[in-house]
Amino acid sequence: QVELVESGGGLVHAGGSLRLSCAASGRTFSSYFMGWFRQAPGKEREFVAAISRFGSTAYYAESVKGRFTITRDNGKNTVYLQMNSLKPEATAVYYCAADLDRGIGFRLNIATMKEEYEYWGQGTQVTVSS
């Protein structure tokens, strides 16, 4: 069982930055691929970024590539999402999620699928004003 708690959301002007954090419980954090997703009002939850177990590989949605960075600190059981040059369309609830490594590797086509993730946080609101 993994419990995830996000923090760091808030209100920011367009062009600004925010850093989200997601703290995980348990002693097996490094066994999980970690992802960030977001959901805007009236829209489906969508993939934002994902990172491999030890941080060597990361994937990003095209809409955030070059502006967002996902990192993790396994010693602190925490995954981060640094968001720069924020746009109003980034306004959403941001969720972190954990996907247990079942031995098939960290693959882009799987990492982007919300159905693959077993555990989810409660979300943190990000609002970007224009």
# chains A, B, ... in the order shown; residues from 1 in each chain; ligands from 1

call {"tool": "select_by_dssp", "arguments": {"residues": "chain A", "states": "strand (DSSP E or B)", "output": "count of residues only"}}
result
61

call {"tool": "residues_around", "arguments": {"residues": "range 89-95 of chain A", "least_positions_apart": "3", "cutoff": "6 Å", "atoms": "only C-alpha atoms", "output": "PyMOL selection string"}}
result
chain A and resi 36-40+121+123-128

call {"tool": "closest_residue", "arguments": {"among": "A:Ser130, A:Asn77, A:Tyr117, A:Arg72", "to": "Thr28 in chain A", "atoms": "only C-alpha atoms"}}
result
A:Asn77

call {"tool": "atom_distance", "arguments": {"atom1": "CA of Ile51 in chain A", "atom2": "CA of Met34 in chain A"}}
result
5.5 Å

call {"tool": "closest_residue", "arguments": {"among": "A:Val64, A:Met83, A:Ala58, A:Leu11", "to": "Phe106 in chain A", "atoms": "only C-alpha atoms"}}
result
A:Ala58

call {"tool": "closest_residue", "arguments": {"among": "A:Lys114, A:Cys22, A:Arg102, A:Ala49", "to": "Ser63 in chain A", "atoms": "only C-alpha atoms"}}
result
A:Ala49

call {"tool": "residues_around", "arguments": {"residues": "Gly16 in chain A", "least_positions_apart": "2", "cutoff": "9 Å", "atoms": "only C-alpha atoms", "output": "list of chain:residue names"}}
result
A:Val12, A:His13, A:Ala14, A:Leu18, A:Met83, A:Asn84, A:Ser85, A:Leu86, A:Lys87, A:Val128

call {"tool": "write_last_selection", "arguments": {"atoms": "N, CA and C atoms", "output": "compact mmCIF listing (two decimals), in the first residue's frame"}}
result
# COMPACT_ATOMS: atom_id res chain seq x y z
N VAL A 12 -1.00 31.47 -9.60
CA VAL A 12 0.18 32.12 -10.16
C VAL A 12 -0.21 32.83 -11.44
N HIS A 13 0.48 33.91 -11.77
CA HIS A 13 0.23 34.62 -13.01
C HIS A 13 0.86 33.86 -14.18
N ALA A 14 0.32 34.06 -15.35
CA ALA A 14 0.89 33.46 -16.55
C ALA A 14 2.35 33.86 -16.67
N LEU A 18 5.76 27.22 -10.51
CA LEU A 18 5.36 26.51 -9.30
C LEU A 18 6.12 25.21 -9.24
N MET A 83 7.32 23.47 -12.63
CA MET A 83 6.54 23.99 -13.74
C MET A 83 6.94 25.45 -13.98
N ASN A 84 7.49 25.70 -15.15
CA ASN A 84 7.92 27.05 -15.51
C ASN A 84 7.11 27.56 -16.69
N SER A 85 7.15 28.87 -16.89
CA SER A 85 6.44 29.50 -18.02
C SER A 85 5.00 29.01 -18.09
N LEU A 86 4.33 29.07 -16.98
CA LEU A 86 2.98 28.54 -16.90
C LEU A 86 2.00 29.33 -17.76
N LYS A 87 1.06 28.61 -18.34
CA LYS A 87 0.04 29.20 -19.19
C LYS A 87 -1.34 29.00 -18.54
N VAL A 128 -3.71 29.29 -13.01
CA VAL A 128 -2.84 30.23 -13.70
C VAL A 128 -3.72 31.34 -14.28

call {"tool": "select_by_dssp", "arguments": {"residues": "range 2-111 of chain A", "states": "alpha helix (DSSP H)", "output": "PyMOL selection string"}}
result
chain A and resi 108-111

call {"tool": "write_last_selection", "arguments": {"atoms": "N, CA and C atoms", "output": "compact mmCIF listing (two decimals), in the first residue's frame"}}
result
# COMPACT_ATOMS: atom_id res chain seq x y z
N LEU A 108 7.13 4.40 -22.67
CA LEU A 108 6.34 5.61 -22.90
C LEU A 108 4.87 5.28 -23.08
N ASN A 109 4.55 4.27 -23.88
CA ASN A 109 3.14 4.00 -24.18
C ASN A 109 2.38 3.52 -22.96
N ILE A 110 3.09 3.01 -21.96
CA ILE A 110 2.44 2.57 -20.73
C ILE A 110 2.45 3.68 -19.69
N ALA A 111 3.55 4.41 -19.60
CA ALA A 111 3.69 5.45 -18.58
C ALA A 111 2.64 6.55 -18.73

call {"tool": "atom_distance", "arguments": {"atom1": "CA of Glu46 in chain A", "atom2": "CA of Gly9 in chain A"}}
result
17.2 Å
